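Everything below belongs to coords-v4.cif, which stores mmCIF, C-alpha atoms and all ligand atoms.
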```cif
data_start
#
loop_
_atom_site.label_atom_id
_atom_site.label_comp_id
_atom_site.auth_asym_id
_atom_site.auth_seq_id
_atom_site.Cartn_x
_atom_site.Cartn_y
_atom_site.Cartn_z
CA MET A 7 -37.46 -1.12 6.92
CA THR A 8 -34.25 -0.65 4.95
CA SER A 9 -31.87 2.13 6.01
CA SER A 10 -31.01 4.86 3.55
CA PRO A 11 -27.58 4.81 1.89
CA ILE A 12 -24.64 6.63 3.50
CA ILE A 13 -23.83 8.15 0.11
CA GLN A 14 -26.39 8.80 -2.61
CA VAL A 15 -25.12 10.30 -5.85
CA SER A 16 -27.70 11.18 -8.51
CA GLY A 17 -27.17 12.58 -12.00
CA LEU A 18 -23.82 14.10 -11.08
CA ARG A 19 -22.06 16.23 -13.69
CA LYS A 20 -18.83 18.22 -13.75
CA VAL A 21 -17.25 20.06 -16.67
CA TYR A 22 -13.88 21.67 -15.87
CA LYS A 23 -13.44 25.26 -17.01
CA GLY A 24 -12.01 25.35 -20.52
CA SER A 25 -12.90 21.71 -21.19
CA LEU A 26 -15.46 20.67 -23.78
CA LYS A 27 -16.01 17.19 -22.40
CA PRO A 28 -17.54 16.52 -18.98
CA ALA A 29 -15.18 14.85 -16.50
CA VAL A 30 -18.26 13.36 -14.80
CA ASP A 31 -21.62 12.96 -16.48
CA GLN A 32 -25.01 11.60 -15.35
CA LEU A 33 -23.31 9.61 -12.63
CA SER A 34 -25.51 7.87 -10.08
CA PHE A 35 -24.64 5.31 -7.40
CA ALA A 36 -25.33 4.54 -3.76
CA VAL A 37 -23.04 3.34 -0.98
CA GLU A 38 -24.65 1.43 1.89
CA GLU A 39 -23.53 1.60 5.50
CA GLY A 40 -20.68 -0.71 6.50
CA GLU A 41 -19.56 -1.71 3.03
CA ILE A 42 -16.35 -1.22 1.09
CA PHE A 43 -17.41 0.26 -2.22
CA GLY A 44 -14.88 0.30 -5.07
CA LEU A 45 -14.94 3.05 -7.69
CA LEU A 46 -12.95 1.74 -10.65
CA GLY A 47 -12.07 3.14 -14.04
CA PRO A 48 -9.15 3.75 -16.41
CA ASN A 49 -6.93 6.86 -16.21
CA GLY A 50 -8.98 10.02 -16.62
CA ALA A 51 -12.31 8.22 -16.06
CA GLY A 52 -13.47 10.77 -13.47
CA LYS A 53 -12.80 8.90 -10.21
CA SER A 54 -10.86 11.66 -8.41
CA THR A 55 -13.26 14.33 -9.68
CA THR A 56 -16.17 12.34 -8.23
CA LEU A 57 -14.43 11.83 -4.88
CA MET A 58 -13.50 15.52 -4.67
CA MET A 59 -17.13 16.53 -5.22
CA LEU A 60 -18.20 14.07 -2.51
CA CYS A 61 -15.76 15.64 -0.04
CA GLY A 62 -16.94 19.16 -0.86
CA LEU A 63 -13.57 20.11 -2.39
CA LEU A 64 -15.08 20.68 -5.83
CA LYS A 65 -18.49 22.01 -6.86
CA SER A 66 -20.66 19.96 -9.19
CA ASP A 67 -22.42 21.54 -12.19
CA ALA A 68 -25.52 19.38 -11.90
CA GLY A 69 -26.98 16.50 -9.95
CA SER A 70 -27.12 15.86 -6.24
CA ILE A 71 -24.93 14.31 -3.56
CA ARG A 72 -26.29 13.24 -0.19
CA VAL A 73 -23.87 12.07 2.49
CA PHE A 74 -25.32 10.82 5.82
CA GLY A 75 -28.63 12.06 4.39
CA LEU A 76 -27.26 15.63 4.20
CA ASP A 77 -27.13 17.66 1.01
CA ALA A 78 -23.45 18.10 0.10
CA GLY A 79 -24.10 21.56 -1.33
CA ARG A 80 -25.78 22.92 1.82
CA SER A 81 -24.08 20.95 4.60
CA SER A 82 -20.53 20.59 3.34
CA ASN A 83 -18.96 21.66 6.65
CA GLU A 84 -20.85 19.12 8.70
CA ILE A 85 -20.13 16.38 6.15
CA ARG A 86 -16.43 17.25 6.14
CA ARG A 87 -16.29 16.90 9.93
CA ARG A 88 -17.79 13.42 9.76
CA ILE A 89 -15.68 11.92 6.99
CA GLY A 90 -12.04 10.99 6.68
CA VAL A 91 -10.35 11.72 3.38
CA ALA A 92 -7.04 10.37 2.11
CA PRO A 93 -6.32 12.04 -1.24
CA GLN A 94 -4.43 10.45 -4.12
CA GLU A 95 -1.63 13.02 -3.89
CA ILE A 96 0.10 12.62 -0.51
CA ALA A 97 -1.15 15.56 1.57
CA LEU A 98 1.54 15.90 4.25
CA PHE A 99 4.07 18.54 5.24
CA PRO A 100 7.46 17.08 4.27
CA ALA A 101 9.49 19.38 6.53
CA LEU A 102 7.51 18.34 9.64
CA THR A 103 7.86 15.06 11.52
CA ALA A 104 5.11 12.45 11.36
CA TRP A 105 4.03 13.41 14.89
CA GLU A 106 3.86 17.12 14.03
CA ASN A 107 1.87 16.37 10.88
CA LEU A 108 -0.65 14.32 12.81
CA VAL A 109 -1.05 16.93 15.55
CA TYR A 110 -1.85 19.42 12.79
CA PHE A 111 -4.47 17.07 11.30
CA CYS A 112 -5.97 16.42 14.76
CA ARG A 113 -6.58 20.15 15.18
CA MET A 114 -8.02 20.38 11.68
CA TYR A 115 -10.46 17.57 12.42
CA GLY A 116 -11.42 18.88 15.87
CA VAL A 117 -9.46 16.39 18.01
CA LYS A 118 -8.34 18.55 20.93
CA GLY A 119 -6.33 18.65 24.15
CA ALA A 120 -5.72 15.39 25.96
CA ALA A 121 -7.33 13.38 23.13
CA ILE A 122 -4.51 14.25 20.69
CA ARG A 123 -1.68 12.19 22.16
CA PRO A 124 -3.49 8.81 22.40
CA ALA A 125 -5.06 9.26 18.94
CA VAL A 126 -1.69 9.97 17.30
CA ARG A 127 0.26 7.41 19.28
CA GLY A 128 -2.30 4.61 18.82
CA LEU A 129 -2.51 4.97 15.05
CA LEU A 130 1.26 5.36 14.58
CA GLU A 131 1.69 2.14 16.55
CA GLU A 132 -0.99 0.28 14.57
CA PHE A 133 0.63 1.26 11.29
CA GLY A 134 4.18 0.43 12.44
CA LEU A 135 5.37 4.04 12.44
CA LEU A 136 5.75 4.83 16.14
CA GLU A 137 9.53 4.44 16.10
CA LYS A 138 9.72 6.91 13.20
CA ALA A 139 7.33 9.43 14.78
CA ASP A 140 10.07 12.06 15.13
CA VAL A 141 11.50 11.64 11.64
CA ARG A 142 10.67 14.33 9.09
CA VAL A 143 8.29 13.07 6.43
CA LEU A 144 10.73 14.03 3.67
CA HIS A 145 12.88 11.10 4.85
CA TYR A 146 9.96 8.64 4.71
CA SER A 147 9.69 5.91 2.04
CA GLY A 148 6.71 5.84 -0.34
CA GLY A 149 4.99 3.14 1.73
CA MET A 150 5.51 5.05 4.99
CA LYS A 151 4.09 8.26 3.47
CA ARG A 152 1.05 6.35 2.14
CA ARG A 153 0.41 4.85 5.60
CA LEU A 154 0.79 8.25 7.26
CA ASN A 155 -1.54 9.82 4.68
CA LEU A 156 -4.15 7.25 5.69
CA ILE A 157 -3.59 7.80 9.44
CA ALA A 158 -4.27 11.53 8.91
CA ALA A 159 -7.77 10.58 7.72
CA LEU A 160 -8.48 8.34 10.73
CA LEU A 161 -7.57 10.52 13.72
CA HIS A 162 -11.13 11.70 14.42
CA ARG A 163 -12.58 8.17 13.97
CA PRO A 164 -14.88 8.99 11.04
CA GLY A 165 -17.84 6.82 10.15
CA LEU A 166 -17.11 7.23 6.45
CA LEU A 167 -13.74 7.07 4.73
CA ILE A 168 -13.04 8.31 1.24
CA LEU A 169 -9.76 6.92 -0.04
CA ASP A 170 -8.36 7.83 -3.44
CA GLU A 171 -5.94 5.05 -4.45
CA PRO A 172 -4.81 4.35 -0.88
CA THR A 173 -2.29 1.69 -1.92
CA SER A 174 -0.78 3.51 -4.88
CA GLY A 175 3.00 3.09 -5.11
CA VAL A 176 3.47 0.90 -2.04
CA ASP A 177 5.12 -2.50 -1.59
CA VAL A 178 3.25 -5.70 -0.79
CA GLN A 179 3.89 -5.34 2.95
CA SER A 180 2.40 -1.85 3.21
CA ARG A 181 -0.45 -2.82 0.88
CA THR A 182 -1.33 -5.82 3.05
CA MET A 183 -1.27 -3.67 6.18
CA ILE A 184 -3.51 -1.01 4.61
CA LEU A 185 -6.01 -3.54 3.21
CA ASP A 186 -6.17 -5.48 6.50
CA TYR A 187 -6.84 -2.21 8.32
CA MET A 188 -9.60 -1.32 5.85
CA ARG A 189 -11.22 -4.72 6.48
CA ARG A 190 -11.00 -4.24 10.24
CA LEU A 191 -12.62 -0.81 9.97
CA ARG A 192 -15.38 -2.28 7.80
CA ASP A 193 -15.95 -4.98 10.42
CA LYS A 194 -16.40 -2.20 13.01
CA GLY A 195 -19.13 -0.62 10.85
CA VAL A 196 -17.09 2.07 9.07
CA THR A 197 -18.18 2.67 5.47
CA ILE A 198 -15.39 3.00 2.91
CA LEU A 199 -15.56 4.41 -0.60
CA TYR A 200 -12.31 3.90 -2.39
CA SER A 201 -10.89 4.22 -5.87
CA SER A 202 -8.21 2.02 -7.33
CA HIS A 203 -6.56 0.82 -10.51
CA LEU A 204 -5.76 -2.47 -8.84
CA LEU A 205 -8.58 -4.75 -9.86
CA GLY A 206 -7.31 -7.78 -7.93
CA GLU A 207 -7.26 -5.68 -4.79
CA ALA A 208 -10.78 -4.34 -5.37
CA GLU A 209 -11.98 -7.87 -6.05
CA GLN A 210 -10.62 -8.97 -2.66
CA ILE A 211 -12.03 -6.26 -0.45
CA CYS A 212 -15.10 -4.65 -2.09
CA SER A 213 -18.64 -5.87 -1.61
CA GLN A 214 -19.93 -3.44 -4.27
CA LEU A 215 -18.21 -2.03 -7.35
CA ALA A 216 -18.86 0.70 -9.88
CA ILE A 217 -16.89 0.95 -13.11
CA ILE A 218 -16.85 4.38 -14.70
CA ASP A 219 -15.42 5.53 -18.00
CA GLU A 220 -15.45 9.01 -19.54
CA GLY A 221 -17.31 10.17 -16.46
CA ARG A 222 -20.20 7.76 -16.83
CA LEU A 223 -21.20 4.64 -14.97
CA ILE A 224 -20.80 1.64 -17.25
CA ALA A 225 -21.33 -1.20 -14.76
CA GLY A 226 -22.20 -1.58 -11.11
CA GLY A 227 -23.16 -4.10 -8.45
CA THR A 228 -21.46 -7.05 -6.82
CA LEU A 229 -18.75 -8.77 -8.84
CA SER A 230 -20.93 -11.85 -9.36
CA GLN A 231 -23.86 -9.70 -10.55
CA MET A 232 -21.61 -7.87 -13.00
CA LEU A 233 -20.09 -11.11 -14.31
CA ALA A 234 -23.56 -12.65 -14.69
CA GLU A 235 -24.67 -9.64 -16.74
CA ASN A 236 -21.60 -9.90 -18.97
CA ASN A 237 -21.24 -13.58 -19.70
CA GLU A 238 -18.16 -13.13 -21.90
CA SER A 239 -16.11 -12.23 -18.82
CA GLU A 240 -14.76 -14.60 -16.19
CA SER A 241 -12.85 -12.13 -14.03
CA LEU A 242 -13.05 -8.50 -13.02
CA GLU A 243 -10.03 -7.71 -15.22
CA GLN A 244 -11.65 -9.32 -18.28
CA LEU A 245 -14.92 -7.52 -17.58
CA PHE A 246 -13.08 -4.22 -17.14
CA LEU A 247 -11.25 -4.62 -20.47
CA ASN A 248 -14.42 -5.75 -22.25
CA LEU A 249 -16.27 -2.68 -21.02
CA THR A 250 -13.55 -0.04 -21.28
CA GLY A 251 -11.56 -1.38 -24.25
CA LYS A 252 -7.81 -1.81 -24.68
CA GLY A 253 -7.05 1.70 -25.93
CA ILE A 254 -4.42 3.57 -23.90
CA ARG A 255 -5.79 6.55 -21.89
CA ASP A 256 -4.14 9.81 -20.98
N1 LIG B 301 -8.26 20.53 -12.68
C1 LIG B 301 -8.61 20.05 -13.87
N2 LIG B 301 -8.82 20.86 -14.93
C2 LIG B 301 -9.19 20.39 -16.12
N3 LIG B 301 -9.39 19.08 -16.38
C3 LIG B 301 -9.19 18.21 -15.37
C4 LIG B 301 -8.79 18.64 -14.07
N4 LIG B 301 -8.67 17.55 -13.28
C5 LIG B 301 -8.99 16.49 -14.04
N5 LIG B 301 -9.30 16.88 -15.29
C6 LIG B 301 -9.74 16.02 -16.41
O1 LIG B 301 -10.97 15.42 -16.01
C7 LIG B 301 -11.02 14.06 -16.43
C8 LIG B 301 -11.22 13.16 -15.21
O2 LIG B 301 -10.04 13.24 -14.42
P1 LIG B 301 -9.90 12.51 -13.01
O3 LIG B 301 -8.60 12.93 -12.42
O4 LIG B 301 -11.12 12.71 -12.22
O5 LIG B 301 -9.82 10.98 -13.47
P2 LIG B 301 -9.34 9.70 -12.65
O6 LIG B 301 -10.29 8.61 -12.99
O7 LIG B 301 -9.19 10.03 -11.22
O8 LIG B 301 -7.91 9.42 -13.32
P3 LIG B 301 -6.59 8.70 -12.71
O9 LIG B 301 -6.95 7.26 -12.57
O10 LIG B 301 -5.57 8.95 -13.76
O11 LIG B 301 -6.28 9.37 -11.40
C9 LIG B 301 -9.73 13.80 -17.20
O12 LIG B 301 -9.99 13.99 -18.56
C10 LIG B 301 -8.78 14.86 -16.67
O13 LIG B 301 -7.83 15.20 -17.64
#
```
Would you kindly transcribe this structure into structure tokens?
Ligand SMILES: Nc1ncnc2c1ncn2[C@@H]1O[C@H](COP(=O)(O)OP(=O)(O)OP(=O)(O)O)[C@@H](O)[C@H]1O
Amino acid sequence: MTSSPIIQVSGLRKVYKGSLKPAVDQLSFAVEEGEIFGLLGPNGAGKSTTLMMLCGLLKSDAGSIRVFGLDAGRSSNEIRRRIGVAPQEIALFPALTAWENLVYFCRMYGVKGAAIRPAVRGLLEEFGLLEKADVRVLHYSGGMKRRLNLIAALLHRPGLLILDEPTSGVDVQSRTMILDYMRRLRDKGVTILYSSHLLGEAEQICSQLAIIDEGRLIAGGTLSQMLAENNESESLEQLFLNLTGKGIRD
């Protein structure tokens, strides 16, 4: 017997108020347990809109989303408790220290009492930020903020992580640390859905990929499946350009 996917998206559609064109349209894909699934697409393709609907932060206009087998429309609170979300825009309080930020996120995610200190301390240590725990986030570098943004999503040890461009704007050292951590989580059975512009990175860590453009799925599967279906392409970057074109996007 095969297990059902952790995320099942079917016929998803979203049109923003005042917009004539859907941001997401007829989008369907499934994410299996324990895999790193990469959602790729050019600027404005609909990646963040899709991830926000999955997290219950945005309502869809049509289609269905099931997460852990639960309907995202009806069980959004329960789903939110069981997932960790690191948004594209850094979601931290700049005037608070890293420690204070993480205590806040612990409470938000239901980590309470004596469990707070080891959760915060352990993750700060793993991400090389323990010595800077009492520094206000406004003094953090881009890479440090990105790592802290990710820690905030991990405090309650979620079984599913949704990461919107988790390595955006960081140096090679922070990127390597974040990607290694993602691999280690995957090896422990955590499922990760992530979006990125960095095709080389996605190629390295994802077992499944979906390329979307103008809100629609234009290719999906493993990299070798997608390359086999598009025999003019020899790499993910070539395939991506062949499918999405070379025109500049807004
Ligand atoms: N709040 C909003 N109101 C109106 N239109 C929006 C809003 N947010 C996004 N859009 C539009 O919806 C489309 C999809 O945007 P979205 O941010 O989901 O794309 P993306 O793939 O995440 O892009 P990027 O890679 O640049 O982050 C774009 O045309 C964008 O301009």
What are the closest atom pairs, with distances in Å to one decimal, for all residues of range 178-218 of chain A lying within 12 Å of range 145-158 of chain A? Consider all atoms listed in the file, order rows by chain and residue number, and present the result as a tab-separated table.
```
residue	atom	partner	partner_atom	distance
A:Val178	CA	A:Gly149	CA	9.4
A:Gln179	CA	A:Gly149	CA	8.6
A:Ser180	CA	A:Gly149	CA	5.8
A:Arg181	CA	A:Gly149	CA	8.1
A:Thr182	CA	A:Gly149	CA	11.0
A:Met183	CA	A:Arg153	CA	8.7
A:Ile184	CA	A:Arg153	CA	7.1
A:Leu185	CA	A:Arg153	CA	10.8
A:Tyr187	CA	A:Leu156	CA	10.2
A:Met188	CA	A:Leu156	CA	10.2
A:Tyr200	CA	A:Leu156	CA	12.0
```
Throw together the list of residues within 9 Å of ligand LIG 301 (chain B), counting only C-alpha atoms and all ligand atoms, and drop it here as an mmCIF file with C-alpha atoms, in the frame of the given file.
```cif
data_model
loop_
_atom_site.group_PDB
_atom_site.id
_atom_site.type_symbol
_atom_site.label_atom_id
_atom_site.label_comp_id
_atom_site.auth_asym_id
_atom_site.auth_seq_id
_atom_site.Cartn_x
_atom_site.Cartn_y
_atom_site.Cartn_z
ATOM 1 C CA LYS A 20 -18.830 18.220 -13.750
ATOM 2 C CA VAL A 21 -17.250 20.060 -16.670
ATOM 3 C CA TYR A 22 -13.880 21.670 -15.870
ATOM 4 C CA LYS A 23 -13.440 25.260 -17.010
ATOM 5 C CA GLY A 24 -12.010 25.350 -20.520
ATOM 6 C CA SER A 25 -12.900 21.710 -21.190
ATOM 7 C CA LYS A 27 -16.010 17.190 -22.400
ATOM 8 C CA PRO A 28 -17.540 16.520 -18.980
ATOM 9 C CA ALA A 29 -15.180 14.850 -16.500
ATOM 10 C CA VAL A 30 -18.260 13.360 -14.800
ATOM 11 C CA LEU A 45 -14.940 3.050 -7.690
ATOM 12 C CA LEU A 46 -12.950 1.740 -10.650
ATOM 13 C CA GLY A 47 -12.070 3.140 -14.040
ATOM 14 C CA PRO A 48 -9.150 3.750 -16.410
ATOM 15 C CA ASN A 49 -6.930 6.860 -16.210
ATOM 16 C CA GLY A 50 -8.980 10.020 -16.620
ATOM 17 C CA ALA A 51 -12.310 8.220 -16.060
ATOM 18 C CA GLY A 52 -13.470 10.770 -13.470
ATOM 19 C CA LYS A 53 -12.800 8.900 -10.210
ATOM 20 C CA SER A 54 -10.860 11.660 -8.410
ATOM 21 C CA THR A 55 -13.260 14.330 -9.680
ATOM 22 C CA THR A 56 -16.170 12.340 -8.230
ATOM 23 C CA LEU A 57 -14.430 11.830 -4.880
ATOM 24 C CA MET A 58 -13.500 15.520 -4.670
ATOM 25 C CA GLN A 94 -4.430 10.450 -4.120
ATOM 26 C CA ASP A 170 -8.360 7.830 -3.440
ATOM 27 C CA GLU A 171 -5.940 5.050 -4.450
ATOM 28 C CA SER A 201 -10.890 4.220 -5.870
ATOM 29 C CA SER A 202 -8.210 2.020 -7.330
ATOM 30 C CA HIS A 203 -6.560 0.820 -10.510
ATOM 31 C CA ILE A 218 -16.850 4.380 -14.700
ATOM 32 C CA ASP A 219 -15.420 5.530 -18.000
ATOM 33 C CA GLU A 220 -15.450 9.010 -19.540
ATOM 34 C CA GLY A 221 -17.310 10.170 -16.460
ATOM 35 C CA ARG A 255 -5.790 6.550 -21.890
ATOM 36 C CA ASP A 256 -4.140 9.810 -20.980
#
```
**Report entry** Nearest to Ile89 in chain A by atom-to-atom distance, counting all atoms listed in the file, from A:Ser9, A:Thr228, A:Ser70, A:Thr197
**Finding:** A:Thr197
Report summary line: Of A:Leu215, A:Ala225, A:Cys61, A:Leu245, the one nearest to Ile168 in chain A when counting only C-alpha atoms is A:Cys61
Query raised in the report: Nearest to Gln244 in chain A among A:Leu205, A:Leu191, A:Leu223, A:Val176, with distances taken over all atoms listed in the file: which residue is it?
Result: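 So, comparing all the options, the nearest one is A:Leu205.
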Query raised in the report: Which of these residues is nearest to Arg80 in chain A, using all atoms listed in the file: A:Leu166, A:Ala36, A:Asp140, A:Lys65?
Result: A:Lys65
**Report entry** Atom-to-atom span, CA of Ile254 in chain A and CA of Ile198 in chain A, Å
**Finding:**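 CA of Ile198 in chain A lies at a distance of 29.0 Å from CA of Ile254 in chain A.
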Report task. Find the residues around Gln214 in chain A up to 9 Å (all atoms listed in the file counted), leave out those fewer than 2 positions away in its own chain, and share them as number ranges by chain. Result -> A: 37, 41-45, 212, 216, 226-229
Output as a PDB file, keeping the file's coordinate frame: range 95-106 of chain A, completed with all heavy atoms.
```
ATOM      1  N   GLU A  95      -2.924  12.373  -4.081  1.00  0.00           N
ATOM      2  CA  GLU A  95      -1.630  13.020  -3.890  1.00  0.00           C
ATOM      3  C   GLU A  95      -1.387  13.073  -2.383  1.00  0.00           C
ATOM      4  O   GLU A  95      -2.254  13.518  -1.638  1.00  0.00           O
ATOM      5  CB  GLU A  95      -1.648  14.465  -4.432  1.00  0.00           C
ATOM      6  CG  GLU A  95      -1.969  14.582  -5.913  1.00  0.00           C
ATOM      7  CD  GLU A  95      -0.942  13.913  -6.806  1.00  0.00           C
ATOM      8  OE1 GLU A  95       0.225  13.798  -6.395  1.00  0.00           O
ATOM      9  OE2 GLU A  95      -1.321  13.475  -7.909  1.00  0.00           O
ATOM     10  N   ILE A  96      -0.208  12.632  -1.950  1.00  0.00           N
ATOM     11  CA  ILE A  96       0.100  12.620  -0.510  1.00  0.00           C
ATOM     12  C   ILE A  96      -0.024  14.044   0.025  1.00  0.00           C
ATOM     13  O   ILE A  96       0.608  14.968  -0.481  1.00  0.00           O
ATOM     14  CB  ILE A  96       1.537  12.101  -0.276  1.00  0.00           C
ATOM     15  CG1 ILE A  96       1.705  10.676  -0.809  1.00  0.00           C
ATOM     16  CG2 ILE A  96       1.941  12.235   1.190  1.00  0.00           C
ATOM     17  CD1 ILE A  96       1.239   9.561   0.068  1.00  0.00           C
ATOM     18  N   ALA A  97      -0.884  14.212   1.042  1.00  0.00           N
ATOM     19  CA  ALA A  97      -1.150  15.560   1.570  1.00  0.00           C
ATOM     20  C   ALA A  97      -0.520  15.717   2.941  1.00  0.00           C
ATOM     21  O   ALA A  97      -1.199  15.716   3.968  1.00  0.00           O
ATOM     22  CB  ALA A  97      -2.658  15.783   1.637  1.00  0.00           C
ATOM     23  N   LEU A  98       0.818  15.771   2.985  1.00  0.00           N
ATOM     24  CA  LEU A  98       1.540  15.900   4.250  1.00  0.00           C
ATOM     25  C   LEU A  98       2.563  17.015   4.129  1.00  0.00           C
ATOM     26  O   LEU A  98       2.944  17.382   3.010  1.00  0.00           O
ATOM     27  CB  LEU A  98       2.277  14.581   4.557  1.00  0.00           C
ATOM     28  CG  LEU A  98       1.406  13.319   4.701  1.00  0.00           C
ATOM     29  CD1 LEU A  98       2.270  12.069   4.640  1.00  0.00           C
ATOM     30  CD2 LEU A  98       0.617  13.362   6.009  1.00  0.00           C
ATOM     31  N   PHE A  99       3.026  17.511   5.270  1.00  0.00           N
ATOM     32  CA  PHE A  99       4.070  18.540   5.240  1.00  0.00           C
ATOM     33  C   PHE A  99       5.430  17.850   5.344  1.00  0.00           C
ATOM     34  O   PHE A  99       5.767  17.313   6.409  1.00  0.00           O
ATOM     35  CB  PHE A  99       3.882  19.515   6.412  1.00  0.00           C
ATOM     36  CG  PHE A  99       2.569  20.237   6.369  1.00  0.00           C
ATOM     37  CD1 PHE A  99       1.508  19.822   7.163  1.00  0.00           C
ATOM     38  CD2 PHE A  99       2.380  21.317   5.508  1.00  0.00           C
ATOM     39  CE1 PHE A  99       0.276  20.468   7.109  1.00  0.00           C
ATOM     40  CE2 PHE A  99       1.165  21.970   5.459  1.00  0.00           C
ATOM     41  CZ  PHE A  99       0.110  21.544   6.255  1.00  0.00           C
ATOM     42  N   PRO A 100       6.216  17.849   4.265  1.00  0.00           N
ATOM     43  CA  PRO A 100       7.460  17.080   4.270  1.00  0.00           C
ATOM     44  C   PRO A 100       8.479  17.554   5.291  1.00  0.00           C
ATOM     45  O   PRO A 100       9.253  16.749   5.817  1.00  0.00           O
ATOM     46  CB  PRO A 100       7.995  17.235   2.837  1.00  0.00           C
ATOM     47  CG  PRO A 100       7.170  18.268   2.174  1.00  0.00           C
ATOM     48  CD  PRO A 100       5.931  18.487   2.970  1.00  0.00           C
ATOM     49  N   ALA A 101       8.474  18.855   5.611  1.00  0.00           N
ATOM     50  CA  ALA A 101       9.490  19.380   6.530  1.00  0.00           C
ATOM     51  C   ALA A 101       9.141  19.106   7.999  1.00  0.00           C
ATOM     52  O   ALA A 101       9.964  19.302   8.888  1.00  0.00           O
ATOM     53  CB  ALA A 101       9.678  20.872   6.309  1.00  0.00           C
ATOM     54  N   LEU A 102       7.910  18.644   8.262  1.00  0.00           N
ATOM     55  CA  LEU A 102       7.510  18.340   9.640  1.00  0.00           C
ATOM     56  C   LEU A 102       7.673  16.844   9.907  1.00  0.00           C
ATOM     57  O   LEU A 102       7.655  16.032   8.978  1.00  0.00           O
ATOM     58  CB  LEU A 102       6.045  18.722   9.873  1.00  0.00           C
ATOM     59  CG  LEU A 102       5.646  20.181   9.666  1.00  0.00           C
ATOM     60  CD1 LEU A 102       4.178  20.371  10.061  1.00  0.00           C
ATOM     61  CD2 LEU A 102       6.532  21.125  10.473  1.00  0.00           C
ATOM     62  N   THR A 103       7.803  16.490  11.164  1.00  0.00           N
ATOM     63  CA  THR A 103       7.860  15.060  11.520  1.00  0.00           C
ATOM     64  C   THR A 103       6.454  14.471  11.372  1.00  0.00           C
ATOM     65  O   THR A 103       5.450  15.209  11.275  1.00  0.00           O
ATOM     66  CB  THR A 103       8.311  14.878  12.974  1.00  0.00           C
ATOM     67  OG1 THR A 103       7.297  15.419  13.831  1.00  0.00           O
ATOM     68  CG2 THR A 103       9.648  15.551  13.225  1.00  0.00           C
ATOM     69  N   ALA A 104       6.408  13.126  11.433  1.00  0.00           N
ATOM     70  CA  ALA A 104       5.110  12.450  11.360  1.00  0.00           C
ATOM     71  C   ALA A 104       4.211  12.921  12.510  1.00  0.00           C
ATOM     72  O   ALA A 104       3.031  13.219  12.323  1.00  0.00           O
ATOM     73  CB  ALA A 104       5.309  10.944  11.428  1.00  0.00           C
ATOM     74  N   TRP A 105       4.812  12.994  13.713  1.00  0.00           N
ATOM     75  CA  TRP A 105       4.030  13.410  14.890  1.00  0.00           C
ATOM     76  C   TRP A 105       3.465  14.811  14.679  1.00  0.00           C
ATOM     77  O   TRP A 105       2.274  15.060  14.905  1.00  0.00           O
ATOM     78  CB  TRP A 105       4.903  13.337  16.141  1.00  0.00           C
ATOM     79  CG  TRP A 105       4.096  13.516  17.395  1.00  0.00           C
ATOM     80  CD1 TRP A 105       3.660  14.687  17.931  1.00  0.00           C
ATOM     81  CD2 TRP A 105       3.595  12.479  18.235  1.00  0.00           C
ATOM     82  NE1 TRP A 105       2.926  14.465  19.063  1.00  0.00           N
ATOM     83  CE2 TRP A 105       2.862  13.107  19.287  1.00  0.00           C
ATOM     84  CE3 TRP A 105       3.697  11.082  18.234  1.00  0.00           C
ATOM     85  CZ2 TRP A 105       2.239  12.380  20.294  1.00  0.00           C
ATOM     86  CZ3 TRP A 105       3.065  10.362  19.251  1.00  0.00           C
ATOM     87  CH2 TRP A 105       2.346  11.018  20.258  1.00  0.00           C
ATOM     88  N   GLU A 106       4.309  15.735  14.233  1.00  0.00           N
ATOM     89  CA  GLU A 106       3.860  17.120  14.030  1.00  0.00           C
ATOM     90  C   GLU A 106       2.759  17.192  12.965  1.00  0.00           C
ATOM     91  O   GLU A 106       1.777  17.928  13.121  1.00  0.00           O
ATOM     92  CB  GLU A 106       5.042  18.000  13.612  1.00  0.00           C
ATOM     93  CG  GLU A 106       6.027  18.251  14.732  1.00  0.00           C
ATOM     94  CD  GLU A 106       7.382  18.783  14.254  1.00  0.00           C
ATOM     95  OE1 GLU A 106       7.678  18.719  13.042  1.00  0.00           O
ATOM     96  OE2 GLU A 106       8.148  19.235  15.108  1.00  0.00           O
TER      97      GLU A 106
END
```
